[in-house]
file start_25.csv (CSV, C-alpha atoms)
chain,number,residue,atom,x,y,z
I,268,MET,CA,12.4,-26.8,37.2
I,269,GLN,CA,13.0,-24.8,40.4
I,270,ALA,CA,12.2,-26.9,43.5
I,271,GLU,CA,10.8,-25.5,46.7
I,272,ARG,CA,12.5,-26.5,50.0
I,273,ILE,CA,10.6,-27.7,53.1
I,274,THR,CA,12.3,-28.9,56.3
I,275,SER,CA,9.5,-28.7,58.9
I,276,ALA,CA,7.1,-31.6,59.7
I,277,GLN,CA,4.5,-28.8,60.6
I,278,ASN,CA,4.5,-27.4,57.1
I,279,PRO,CA,0.9,-27.3,55.7
I,280,LEU,CA,1.9,-29.4,52.7
I,281,ILE,CA,3.4,-32.2,54.9
I,282,ARG,CA,0.3,-32.2,57.1
I,283,HIS,CA,-1.9,-32.3,54.0
I,284,ILE,CA,0.0,-35.4,52.7
I,285,LYS,CA,-0.4,-37.2,56.0
I,286,LYS,CA,-4.1,-36.6,56.1
I,287,LEU,CA,-4.5,-37.7,52.5
I,288,GLN,CA,-2.8,-41.0,53.5
I,289,THR,CA,-5.3,-41.8,56.3
I,290,SER,CA,-8.7,-40.2,55.5
I,291,ARG,CA,-11.0,-41.2,52.6
I,292,SER,CA,-13.4,-38.4,53.4
I,293,TYR,CA,-10.5,-35.9,53.3
I,294,ARG,CA,-9.4,-37.3,49.9
I,295,MET,CA,-12.9,-36.8,48.6
I,296,GLN,CA,-13.1,-33.3,50.1
I,297,CYS,CA,-9.9,-32.3,48.5
I,298,GLY,CA,-10.3,-34.2,45.3
I,299,GLU,CA,-6.8,-35.5,45.6
I,300,PHE,CA,-4.9,-38.7,46.5
I,301,VAL,CA,-1.3,-39.7,47.3
I,302,ALA,CA,1.0,-42.4,46.1
I,303,ASP,CA,4.6,-43.4,47.0
I,304,GLY,CA,7.6,-44.5,45.0
I,305,PHE,CA,9.3,-44.0,41.6
I,306,LYS,CA,7.5,-46.9,39.9
I,307,LEU,CA,4.1,-45.3,40.5
I,308,LEU,CA,5.4,-41.8,39.7
I,309,ASN,CA,6.7,-43.0,36.3
I,310,GLU,CA,3.3,-44.7,35.7
I,311,ALA,CA,1.5,-41.4,36.5
I,312,LEU,CA,3.8,-39.5,34.2
I,313,LYS,CA,3.1,-41.9,31.4
I,314,TRP,CA,-0.7,-42.6,31.9
I,315,TYR,CA,-2.3,-40.1,34.3
I,316,PRO,CA,-2.6,-36.5,33.3
I,317,ARG,CA,-3.6,-35.2,36.7
I,318,LEU,CA,-0.3,-35.2,38.6
I,319,LYS,CA,-0.2,-32.3,41.0
I,320,THR,CA,2.7,-32.3,43.5
I,321,VAL,CA,5.9,-34.3,43.7
I,322,ILE,CA,8.0,-34.4,46.9
I,323,VAL,CA,11.5,-35.8,46.7
I,324,THR,CA,14.5,-36.1,49.0
I,325,ASP,CA,17.7,-34.2,48.4
I,326,GLU,CA,19.5,-37.4,47.1
I,327,ALA,CA,16.7,-38.6,44.8
I,328,ASN,CA,17.0,-38.4,41.0
I,329,CYS,CA,13.6,-37.0,40.0
I,330,PRO,CA,12.4,-37.6,36.5
I,331,GLU,CA,11.5,-34.6,34.3
I,332,LEU,CA,8.1,-33.3,35.3
I,333,PRO,CA,5.5,-31.2,33.5
I,334,LYS,CA,5.7,-27.5,34.2
I,335,THR,CA,2.3,-27.5,35.9
I,336,VAL,CA,3.6,-29.9,38.6
I,337,ARG,CA,4.7,-28.5,41.9
I,338,LEU,CA,8.2,-29.9,42.9
I,339,VAL,CA,9.3,-29.9,46.6
I,340,GLU,CA,12.5,-31.1,48.1
I,341,ILE,CA,12.7,-32.4,51.7
I,342,PRO,CA,15.5,-34.0,53.9
I,343,GLN,CA,15.6,-37.8,54.1
I,344,SER,CA,14.7,-37.6,57.7
I,345,LEU,CA,11.5,-35.8,56.9
I,346,MET,CA,10.6,-38.3,54.2
I,347,GLN,CA,11.0,-41.1,56.8
I,348,SER,CA,8.2,-39.5,58.8
I,349,VAL,CA,6.0,-38.6,55.8
I,350,SER,CA,6.2,-41.9,53.8
I,351,SER,CA,4.1,-44.9,55.0
I,352,MET,CA,6.7,-47.3,53.6
I,353,LYS,CA,9.2,-48.9,55.9
I,354,THR,CA,12.0,-48.1,53.4
I,355,PRO,CA,11.0,-44.9,51.5
I,356,GLN,CA,12.2,-44.7,47.9
I,357,GLY,CA,12.6,-41.0,48.2
I,358,VAL,CA,9.5,-39.7,46.4
I,359,ILE,CA,5.9,-39.2,47.3
I,360,PHE,CA,3.4,-37.4,45.1
I,361,THR,CA,-0.2,-36.4,44.8
I,362,CYS,CA,-2.7,-36.5,41.9
I,363,ASP,CA,-6.2,-35.0,41.4
I,364,LEU,CA,-8.9,-37.6,41.7
I,365,PRO,CA,-10.5,-38.5,38.3
I,366,LYS,CA,-13.8,-37.0,37.5
I,367,GLN,CA,-16.6,-39.3,38.3
I,368,MET,CA,-19.0,-39.9,35.4
I,369,GLN,CA,-22.0,-42.2,35.2
I,370,ALA,CA,-20.8,-45.7,34.6
I,371,ALA,CA,-21.1,-47.1,31.1
I,372,ILE,CA,-22.2,-50.6,31.9
I,373,GLU,CA,-21.5,-53.2,29.2
I,374,PRO,CA,-21.2,-57.0,29.0
I,375,GLY,CA,-17.7,-58.3,29.7
I,376,MET,CA,-17.1,-56.1,32.8
I,377,LEU,CA,-16.2,-57.2,36.3
I,378,LEU,CA,-18.3,-55.9,39.2
I,379,LEU,CA,-16.8,-55.9,42.7
I,380,ASP,CA,-19.3,-56.1,45.5
I,381,ARG,CA,-18.1,-54.9,48.9
I,382,ILE,CA,-14.4,-55.8,48.4
I,383,GLN,CA,-13.1,-54.2,51.6
I,384,ASP,CA,-9.5,-55.2,51.8
I,385,PRO,CA,-7.3,-52.6,50.0
I,386,GLY,CA,-4.7,-55.3,49.1
I,387,ASN,CA,-7.3,-57.5,47.5
I,388,LEU,CA,-8.9,-54.6,45.6
I,389,GLY,CA,-5.6,-53.4,44.3
I,390,THR,CA,-4.6,-56.9,43.2
I,391,ILE,CA,-7.9,-57.4,41.4
I,392,LEU,CA,-7.6,-54.0,39.6
I,393,ARG,CA,-4.0,-54.9,38.6
I,394,THR,CA,-5.2,-58.3,37.2
I,395,ALA,CA,-8.1,-56.8,35.4
I,396,ASP,CA,-5.9,-54.2,33.8
I,397,ALA,CA,-3.6,-57.0,32.6
I,398,PHE,CA,-6.5,-58.8,30.9
I,399,GLY,CA,-8.1,-55.6,29.6
I,400,VAL,CA,-11.3,-56.0,31.5
I,401,LYS,CA,-13.1,-52.9,32.9
I,402,VAL,CA,-14.0,-52.9,36.5
I,403,LEU,CA,-17.1,-51.6,38.2
I,404,LEU,CA,-17.0,-50.8,41.9
I,405,GLY,CA,-20.2,-51.5,43.9
I,406,GLU,CA,-21.2,-49.9,47.1
I,407,GLY,CA,-19.1,-50.8,50.1
I,408,CYS,CA,-15.8,-51.3,48.3
I,409,ALA,CA,-12.6,-50.1,49.7
I,410,ASP,CA,-11.3,-46.8,48.3
I,411,PRO,CA,-9.5,-47.4,45.0
I,412,TYR,CA,-7.4,-44.3,45.7
I,413,SER,CA,-6.2,-45.2,49.2
I,414,GLU,CA,-2.4,-45.4,49.3
I,415,LYS,CA,-2.5,-49.1,50.0
I,416,THR,CA,-4.9,-49.9,47.1
I,417,VAL,CA,-2.9,-47.7,44.6
I,418,ARG,CA,0.3,-49.5,45.6
I,419,ALA,CA,-1.2,-53.0,45.4
I,420,SER,CA,-2.6,-52.1,42.0
I,421,MET,CA,0.9,-51.3,40.8
I,422,GLY,CA,-0.4,-48.3,39.0
I,423,ALA,CA,-3.5,-50.0,37.4
I,424,VAL,CA,-5.8,-47.3,38.8
I,425,LEU,CA,-3.7,-44.7,36.9
I,426,ARG,CA,-4.0,-46.6,33.6
I,427,SER,CA,-7.6,-47.8,33.8
I,428,VAL,CA,-10.0,-45.8,36.0
I,429,PRO,CA,-12.5,-48.0,37.8
I,430,GLN,CA,-16.1,-46.7,37.7
I,431,SER,CA,-18.5,-46.7,40.6
I,432,VAL,CA,-22.0,-48.1,40.2
I,433,THR,CA,-25.1,-48.7,42.3
I,434,ILE,CA,-27.2,-51.9,42.2
I,435,THR,CA,-30.1,-49.8,40.8
I,436,GLN,CA,-27.9,-48.6,37.9
I,437,LEU,CA,-26.6,-52.1,37.2
I,438,LEU,CA,-30.1,-53.7,37.1
I,439,SER,CA,-31.6,-50.9,35.1
I,440,SER,CA,-28.9,-51.2,32.4
I,441,GLY,CA,-30.4,-54.4,31.2
I,442,VAL,CA,-27.0,-56.1,30.9
I,443,PRO,CA,-27.2,-59.8,32.1
I,444,VAL,CA,-25.5,-60.5,35.4
I,445,ALA,CA,-23.5,-63.6,36.4
I,446,ALA,CA,-22.9,-64.0,40.1
I,447,THR,CA,-20.0,-66.1,41.4
I,448,ALA,CA,-21.9,-67.9,44.2
I,449,LEU,CA,-22.8,-71.4,45.3
I,450,SER,CA,-26.4,-72.4,44.5
I,451,ASN,CA,-28.3,-75.4,43.2
I,452,GLU,CA,-28.5,-73.7,39.8
I,453,ALA,CA,-24.8,-72.6,39.6
I,454,VAL,CA,-22.8,-73.7,36.6
I,455,ASP,CA,-19.1,-74.2,35.9
I,456,ILE,CA,-17.6,-70.9,34.7
I,457,ARG,CA,-16.1,-72.8,31.8
I,458,SER,CA,-19.6,-73.8,30.5
I,459,ILE,CA,-20.8,-70.3,29.5
I,460,ASN,CA,-19.3,-67.2,27.8
I,461,LEU,CA,-18.6,-64.9,30.7
I,462,ARG,CA,-18.1,-62.0,28.2
I,463,ASP,CA,-21.9,-61.9,27.7
I,464,TYR,CA,-22.3,-60.9,31.3
I,465,VAL,CA,-21.3,-58.4,34.0
I,466,VAL,CA,-19.6,-60.9,36.4
I,467,VAL,CA,-19.9,-60.2,40.1
I,468,ILE,CA,-17.2,-61.0,42.7
I,469,GLY,CA,-18.4,-60.8,46.3
I,470,SER,CA,-16.8,-59.6,49.5
I,471,GLU,CA,-14.1,-61.6,51.3
I,472,GLY,CA,-16.3,-62.6,54.2
I,473,GLN,CA,-19.9,-62.2,53.2
I,474,GLY,CA,-20.0,-63.0,49.5
I,475,ILE,CA,-22.4,-61.3,47.1
I,476,CYS,CA,-25.2,-59.2,48.7
I,477,LYS,CA,-28.7,-60.7,48.7
I,478,GLU,CA,-30.2,-58.1,46.3
I,479,LEU,CA,-27.5,-58.8,43.6
I,480,LEU,CA,-27.7,-62.5,44.1
I,481,GLU,CA,-31.5,-62.6,43.7
I,482,ALA,CA,-31.3,-60.4,40.6
I,483,ALA,CA,-28.5,-62.3,38.9
I,484,ASP,CA,-29.4,-64.0,35.6
I,485,ARG,CA,-26.9,-66.8,36.2
I,486,CYS,CA,-24.8,-68.2,39.1
I,487,VAL,CA,-21.4,-69.5,38.3
I,488,ILE,CA,-18.8,-71.4,40.3
I,489,ILE,CA,-15.1,-72.1,40.0
I,490,PRO,CA,-14.7,-75.9,40.1
I,491,MET,CA,-12.6,-77.0,43.1
I,492,GLN,CA,-12.2,-79.8,45.6
I,493,GLU,CA,-15.3,-80.5,47.6
I,494,ARG,CA,-13.4,-80.0,50.9
I,495,CYS,CA,-12.6,-76.4,49.9
I,496,GLU,CA,-15.4,-73.9,50.6
I,497,SER,CA,-14.1,-70.8,48.9
I,498,LEU,CA,-11.1,-68.8,47.5
I,499,ASN,CA,-9.6,-65.5,48.4
I,500,ALA,CA,-11.4,-62.8,46.5
I,501,GLY,CA,-8.3,-61.7,44.6
I,502,ILE,CA,-7.5,-65.3,43.5
I,503,ALA,CA,-11.2,-65.9,42.5
I,504,ALA,CA,-11.2,-62.7,40.5
I,505,GLY,CA,-8.0,-63.8,38.7
I,506,ILE,CA,-9.5,-67.1,37.7
I,507,VAL,CA,-12.7,-65.4,36.5
I,508,LEU,CA,-10.8,-62.8,34.6
I,509,TRP,CA,-8.7,-65.5,32.8
I,510,GLN,CA,-11.9,-67.2,31.8
I,511,MET,CA,-13.4,-63.9,30.6
I,512,ARG,CA,-10.4,-63.2,28.5
I,513,LYS,CA,-10.7,-66.7,26.8

call {"tool": "encode", "arguments": {"input": "start_25.csv", "output": "C-alpha coordinates"}}
result
Amino acid sequence: MQAERITSAQNPLIRHIKKLQTSRSYRMQCGEFVADGFKLLNEALKWYPRLKTVIVTDEANCPELPKTVRLVEIPQSLMQSVSSMKTPQGVIFTCDLPKQMQAAIEPGMLLLDRIQDPGNLGTILRTADAFGVKVLLGEGCADPYSEKTVRASMGAVLRSVPQSVTITQLLSSGVPVAATALSNEAVDIRSINLRDYVVVIGSEGQGICKELLEAADRCVIIPMQERCESLNAGIAAGIVLWQMRK
(Lines of atoms letter the chains of each structure in order from A and count residues from 1; the text may use other names and numbers.)
(Lines give C-alpha, C1' and ligand atoms only; values in the text may rest on other atoms or scores of the structure.)
Protein backbone atom coordinates (compact mmCIF):
# COMPACT_ATOMS: atom_id res chain seq x y z
CA MET A 1 0.00 0.00 0.00
CA GLN A 2 1.36 3.41 -1.01
CA ALA A 3 1.49 5.79 1.95
CA GLU A 4 0.90 9.53 1.79
CA ARG A 5 3.45 11.81 3.41
CA ILE A 6 2.58 14.68 5.76
CA THR A 7 5.13 16.90 7.52
CA SER A 8 3.13 19.99 8.56
CA ALA A 9 1.20 20.38 11.80
CA GLN A 10 -1.18 22.65 9.87
CA ASN A 11 -2.23 19.89 7.50
CA PRO A 12 -6.05 19.48 7.55
CA LEU A 13 -5.78 15.81 8.57
CA ILE A 14 -3.54 16.61 11.55
CA ARG A 15 -5.89 19.38 12.68
CA HIS A 16 -8.83 16.99 12.23
CA ILE A 17 -7.17 14.37 14.45
CA LYS A 18 -6.51 16.89 17.21
CA LYS A 19 -10.10 18.07 17.19
CA LEU A 20 -11.39 14.49 17.30
CA GLN A 21 -9.28 13.97 20.42
CA THR A 22 -10.84 16.86 22.32
CA SER A 23 -14.43 17.40 21.14
CA ARG A 24 -17.33 14.97 21.61
CA SER A 25 -19.61 17.14 19.49
CA TYR A 26 -17.04 17.12 16.67
CA ARG A 27 -16.79 13.33 16.86
CA MET A 28 -20.56 13.09 16.58
CA GLN A 29 -20.64 15.61 13.75
CA CYS A 30 -17.98 13.74 11.77
CA GLY A 31 -19.13 10.26 12.76
CA GLU A 32 -15.54 9.39 13.57
CA PHE A 33 -13.29 8.74 16.58
CA VAL A 34 -9.57 8.39 17.19
CA ALA A 35 -7.43 5.82 19.00
CA ASP A 36 -3.72 5.54 19.73
CA GLY A 37 -1.27 2.65 19.76
CA PHE A 38 -0.54 -0.66 18.02
CA LYS A 39 -2.47 -2.76 20.54
CA LEU A 40 -5.70 -0.93 19.71
CA LEU A 41 -4.92 -0.90 15.99
CA ASN A 42 -4.54 -4.67 16.00
CA GLU A 43 -7.83 -4.98 17.89
CA ALA A 44 -9.52 -2.79 15.31
CA LEU A 45 -8.11 -4.84 12.45
CA LYS A 46 -9.38 -8.01 14.09
CA TRP A 47 -12.78 -6.92 15.37
CA TYR A 48 -13.87 -3.55 13.99
CA PRO A 49 -14.70 -3.25 10.28
CA ARG A 50 -14.90 0.57 10.25
CA LEU A 51 -11.20 1.46 10.31
CA LYS A 52 -10.68 4.61 8.25
CA THR A 53 -7.25 6.29 8.50
CA VAL A 54 -3.92 5.11 9.93
CA ILE A 55 -1.08 7.54 10.65
CA VAL A 56 2.35 6.08 11.40
CA THR A 57 5.84 7.40 11.96
CA ASP A 58 8.62 6.67 9.49
CA GLU A 59 10.21 4.11 11.81
CA ALA A 60 7.02 2.25 12.73
CA ASN A 61 6.32 -1.22 11.42
CA CYS A 62 2.70 -0.94 10.34
CA PRO A 63 0.65 -4.14 10.03
CA GLU A 64 -1.04 -4.96 6.74
CA LEU A 65 -4.13 -2.82 6.23
CA PRO A 66 -7.28 -3.27 4.14
CA LYS A 67 -7.12 -1.51 0.77
CA THR A 68 -9.94 0.83 1.82
CA VAL A 69 -7.85 2.33 4.67
CA ARG A 70 -5.94 5.57 4.14
CA LEU A 71 -2.28 5.25 5.22
CA VAL A 72 -0.25 8.34 6.12
CA GLU A 73 3.38 8.62 7.23
CA ILE A 74 4.62 11.48 9.43
CA PRO A 75 7.92 12.34 11.17
CA GLN A 76 8.42 11.27 14.78
CA SER A 77 8.51 14.92 15.83
CA LEU A 78 5.02 15.48 14.41
CA MET A 79 3.67 12.35 16.10
CA GLN A 80 4.88 13.79 19.41
CA SER A 81 2.60 16.78 18.89
CA VAL A 82 -0.36 14.77 17.54
CA SER A 83 -0.46 11.91 20.04
CA SER A 84 -1.89 12.57 23.49
CA MET A 85 0.36 9.88 24.99
CA LYS A 86 3.52 10.92 26.83
CA THR A 87 5.45 8.28 24.92
CA PRO A 88 3.74 7.74 21.54
CA GLN A 89 3.93 4.24 20.12
CA GLY A 90 4.20 5.52 16.57
CA VAL A 91 0.65 5.03 15.32
CA ILE A 92 -2.66 6.83 15.66
CA PHE A 93 -5.79 5.97 13.73
CA THR A 94 -9.42 6.86 13.16
CA CYS A 95 -12.55 4.75 12.80
CA ASP A 96 -16.11 5.53 11.83
CA LEU A 97 -18.47 5.56 14.77
CA PRO A 98 -20.82 2.55 14.89
CA LYS A 99 -24.35 3.04 13.64
CA GLN A 100 -26.69 3.71 16.52
CA MET A 101 -29.68 1.39 16.61
CA GLN A 102 -32.47 1.15 19.14
CA ALA A 103 -31.19 -0.78 22.12
CA ALA A 104 -32.38 -4.37 22.49
CA ILE A 105 -32.97 -4.52 26.23
CA GLU A 106 -32.77 -7.96 27.81
CA PRO A 107 -32.28 -9.47 31.28
CA GLY A 108 -28.64 -9.98 32.19
CA MET A 109 -27.43 -6.60 30.92
CA LEU A 110 -25.55 -3.91 32.82
CA LEU A 111 -26.86 -0.32 32.71
CA LEU A 112 -24.49 2.52 33.55
CA ASP A 113 -26.15 5.65 34.90
CA ARG A 114 -24.16 8.89 34.53
CA ILE A 115 -20.70 7.29 34.74
CA GLN A 116 -18.73 10.40 33.87
CA ASP A 117 -15.11 9.41 34.37
CA PRO A 118 -13.65 8.08 31.08
CA GLY A 119 -11.24 5.80 32.95
CA ASN A 120 -14.01 4.23 35.00
CA LEU A 121 -16.22 3.84 31.95
CA GLY A 122 -13.44 2.20 29.94
CA THR A 123 -12.59 -0.14 32.82
CA ILE A 124 -16.23 -1.21 33.17
CA LEU A 125 -16.56 -1.82 29.42
CA ARG A 126 -13.36 -3.89 29.49
CA THR A 127 -14.59 -5.97 32.44
CA ALA A 128 -18.05 -6.47 30.94
CA ASP A 129 -16.48 -7.65 27.69
CA ALA A 130 -14.35 -10.14 29.63
CA PHE A 131 -17.47 -11.59 31.29
CA GLY A 132 -19.59 -11.48 28.13
CA VAL A 133 -22.14 -9.05 29.60
CA LYS A 134 -23.71 -6.45 27.29
CA VAL A 135 -23.65 -2.84 28.44
CA LEU A 136 -26.32 -0.16 28.18
CA LEU A 137 -25.28 3.48 28.54
CA GLY A 138 -27.79 5.75 30.23
CA GLU A 139 -28.03 9.47 29.72
CA GLY A 140 -25.16 11.49 31.18
CA CYS A 141 -22.42 8.90 30.68
CA ALA A 142 -19.00 9.84 29.37
CA ASP A 143 -18.39 9.33 25.66
CA PRO A 144 -17.45 5.67 25.08
CA TYR A 145 -15.50 6.82 22.02
CA SER A 146 -13.36 9.46 23.65
CA GLU A 147 -9.69 8.59 23.31
CA LYS A 148 -9.33 8.07 27.08
CA THR A 149 -12.29 5.70 27.26
CA VAL A 150 -11.18 3.69 24.23
CA ARG A 151 -7.70 3.33 25.74
CA ALA A 152 -9.02 2.36 29.19
CA SER A 153 -11.33 -0.22 27.60
CA MET A 154 -8.28 -1.88 25.97
CA GLY A 155 -10.28 -2.23 22.78
CA ALA A 156 -13.49 -3.53 24.36
CA VAL A 157 -15.52 -0.84 22.57
CA LEU A 158 -14.18 -2.26 19.30
CA ARG A 159 -15.22 -5.81 20.17
CA SER A 160 -18.57 -5.20 21.87
CA VAL A 161 -20.39 -1.98 21.02
CA PRO A 162 -22.27 -0.46 24.02
CA GLN A 163 -25.83 0.68 23.32
CA SER A 164 -27.36 3.95 24.45
CA VAL A 165 -30.73 3.88 26.16
CA THR A 166 -33.10 6.35 27.81
CA ILE A 167 -34.91 5.72 31.10
CA THR A 168 -38.19 5.71 29.19
CA GLN A 169 -36.93 2.98 26.85
CA LEU A 170 -35.69 0.92 29.78
CA LEU A 171 -38.90 1.13 31.76
CA SER A 172 -41.14 0.50 28.75
CA SER A 173 -39.19 -2.67 27.92
CA GLY A 174 -40.77 -4.50 30.84
CA VAL A 175 -37.44 -6.03 31.86
CA PRO A 176 -37.00 -6.09 35.68
CA VAL A 177 -34.45 -3.61 37.03
CA ALA A 178 -32.08 -4.15 39.97
CA ALA A 179 -30.43 -0.99 41.32
CA THR A 180 -27.17 -1.17 43.25
CA ALA A 181 -28.11 1.22 46.06
CA LEU A 182 -28.47 1.39 49.81
CA SER A 183 -32.06 1.17 51.04
CA ASN A 184 -34.01 -0.55 53.79
CA GLU A 185 -35.21 -3.13 51.26
CA ALA A 186 -31.83 -3.76 49.63
CA VAL A 187 -30.65 -7.38 49.52
CA ASP A 188 -27.22 -8.96 49.21
CA ILE A 189 -26.28 -9.40 45.52
CA ARG A 190 -25.55 -13.06 46.28
CA SER A 191 -29.14 -13.74 47.33
CA ILE A 192 -30.79 -13.27 43.91
CA ASN A 193 -30.05 -14.23 40.32
CA LEU A 194 -28.79 -10.98 38.79
CA ARG A 195 -29.14 -12.44 35.29
CA ASP A 196 -32.91 -12.01 35.65
CA TYR A 197 -32.47 -8.22 35.75
CA VAL A 198 -30.96 -5.23 34.06
CA VAL A 199 -28.51 -4.24 36.80
CA VAL A 200 -27.82 -0.54 37.28
CA ILE A 201 -24.51 0.97 38.41
CA GLY A 202 -24.75 4.64 39.38
CA SER A 203 -22.42 7.59 38.99
CA GLU A 204 -19.26 8.00 41.01
CA GLY A 205 -20.49 10.91 43.10
CA GLN A 206 -24.29 10.88 42.95
CA GLY A 207 -25.26 7.23 42.70
CA ILE A 208 -28.33 6.20 40.73
CA CYS A 209 -30.75 8.92 39.62
CA LYS A 210 -34.02 9.25 41.53
CA GLU A 211 -36.24 8.19 38.62
CA LEU A 212 -34.38 4.93 38.08
CA LEU A 213 -34.16 4.24 41.79
CA GLU A 214 -37.90 4.68 42.31
CA ALA A 215 -38.72 2.49 39.30
CA ALA A 216 -36.35 -0.35 40.24
CA ASP A 217 -37.89 -3.72 41.04
CA ARG A 218 -35.12 -4.57 43.51
CA CYS A 219 -32.30 -2.78 45.28
CA VAL A 220 -29.14 -4.78 45.83
CA ILE A 221 -25.99 -4.14 47.82
CA ILE A 222 -22.44 -5.44 47.82
CA PRO A 223 -21.70 -6.65 51.36
CA MET A 224 -18.80 -4.75 52.94
CA GLN A 225 -17.55 -3.44 56.27
CA GLU A 226 -20.01 -1.07 57.93
CA ARG A 227 -17.34 1.60 58.18
CA CYS A 228 -17.11 1.71 54.35
CA GLU A 229 -19.80 3.74 52.60
CA SER A 230 -19.16 2.91 48.96
CA LEU A 231 -16.82 1.56 46.28
CA ASN A 232 -15.35 3.07 43.16
CA ALA A 233 -17.84 2.61 40.31
CA GLY A 234 -15.40 0.50 38.31
CA ILE A 235 -14.70 -1.81 41.26
CA ALA A 236 -18.40 -2.10 42.11
CA ALA A 237 -19.21 -2.96 38.51
CA GLY A 238 -16.51 -5.64 38.48
CA ILE A 239 -18.01 -7.34 41.54
CA VAL A 240 -21.52 -7.14 40.11
CA LEU A 241 -20.35 -8.52 36.76
CA TRP A 242 -18.66 -11.45 38.49
CA GLN A 243 -21.89 -12.25 40.30
CA MET A 244 -23.89 -11.89 37.07
CA ARG A 245 -21.55 -14.35 35.38
CA LYS A 246 -22.08 -16.88 38.21

call {"tool": "residues_around", "arguments": {"input": "start_25.csv", "residues": "Arg512 (chain I)", "least_positions_apart": "5", "cutoff": "10 Å", "atoms": "only C-alpha atoms", "output": "VMD selection string"}}
result
chain I and resid 375 395 398 to 400 460 to 462 507

call {"tool": "atom_distance", "arguments": {"input": "start_25.csv", "atom1": "CA of Leu449 (chain I)", "atom2": "CA of Thr390 (chain I)"}}
result
23.4 Å

call {"tool": "atom_distance", "arguments": {"input": "start_25.csv", "atom1": "CA of Ser275 (chain I)", "atom2": "CA of Leu345 (chain I)"}}
result
7.6 Å

call {"tool": "closest_residue", "arguments": {"input": "start_25.csv", "among": "I:Cys486, I:Val432, I:Met295, I:Ile322", "to": "Met376 (chain I)", "atoms": "all atoms listed in the file"}}
result
I:Val432

call {"tool": "closest_residue", "arguments": {"input": "start_25.csv", "among": "I:Leu338, I:Leu308, I:Ile506, I:Ala409", "to": "Ser431 (chain I)", "atoms": "all atoms listed in the file"}}
result
I:Ala409

call {"tool": "residues_around", "arguments": {"input": "start_25.csv", "residues": "region 378-383 of chain I", "least_positions_apart": "3", "cutoff": "7 Å", "atoms": "all atoms listed in the file", "output": "PDB file with C-alpha atoms, in the frame of the given file"}}
result
ATOM      1  CA  LEU I 388      -8.900 -54.600  45.600  1.00  0.00           C
ATOM      2  CA  VAL I 402     -14.000 -52.900  36.500  1.00  0.00           C
ATOM      3  CA  LEU I 403     -17.100 -51.600  38.200  1.00  0.00           C
ATOM      4  CA  LEU I 404     -17.000 -50.800  41.900  1.00  0.00           C
ATOM      5  CA  GLY I 405     -20.200 -51.500  43.900  1.00  0.00           C
ATOM      6  CA  GLU I 406     -21.200 -49.900  47.100  1.00  0.00           C
ATOM      7  CA  GLY I 407     -19.100 -50.800  50.100  1.00  0.00           C
ATOM      8  CA  CYS I 408     -15.800 -51.300  48.300  1.00  0.00           C
ATOM      9  CA  ALA I 409     -12.600 -50.100  49.700  1.00  0.00           C
ATOM     10  CA  VAL I 465     -21.300 -58.400  34.000  1.00  0.00           C
ATOM     11  CA  VAL I 466     -19.600 -60.900  36.400  1.00  0.00           C
ATOM     12  CA  VAL I 467     -19.900 -60.200  40.100  1.00  0.00           C
ATOM     13  CA  ILE I 468     -17.200 -61.000  42.700  1.00  0.00           C
ATOM     14  CA  GLY I 469     -18.400 -60.800  46.300  1.00  0.00           C
ATOM     15  CA  SER I 470     -16.800 -59.600  49.500  1.00  0.00           C
ATOM     16  CA  GLU I 471     -14.100 -61.600  51.300  1.00  0.00           C
ATOM     17  CA  ILE I 475     -22.400 -61.300  47.100  1.00  0.00           C
TER      18      ILE I 475
END

call {"tool": "residues_around", "arguments": {"input": "start_25.csv", "residues": "Ile372 (chain I)", "least_positions_apart": "5", "cutoff": "8 Å", "atoms": "only C-alpha atoms", "output": "list of chain:residue names"}}
result
I:Leu437, I:Ser440, I:Val442

call {"tool": "closest_residue", "arguments": {"input": "start_25.csv", "among": "I:Thr447, I:Ser351, I:Asn387, I:Gln430", "to": "Ile284 (chain I)", "atoms": "all atoms listed in the file"}}
result
I:Ser351

call {"tool": "residues_around", "arguments": {"input": "start_25.csv", "residues": "region 488-498 of chain I", "least_positions_apart": "4", "cutoff": "7 Å", "atoms": "only C-alpha atoms", "output": "list in words"}}
result
Thr447, Ala448, Leu449, Ala453, Val454, Asp455, Ile456, Ile502 and Ala503 of chain I

call {"tool": "closest_residue", "arguments": {"input": "start_25.csv", "among": "I:Ile341, I:Leu508, I:Val301, I:Leu312", "to": "Thr416 (chain I)", "atoms": "all atoms listed in the file"}}
result
I:Val301

call {"tool": "residues_around", "arguments": {"input": "start_25.csv", "residues": "Ala482 (chain I)", "least_positions_apart": "5", "cutoff": "10 Å", "atoms": "only C-alpha atoms", "output": "list in words"}}
result
Ile434, Leu438, Pro443, Val444, Ala445, Ala446 and Lys477 of chain I
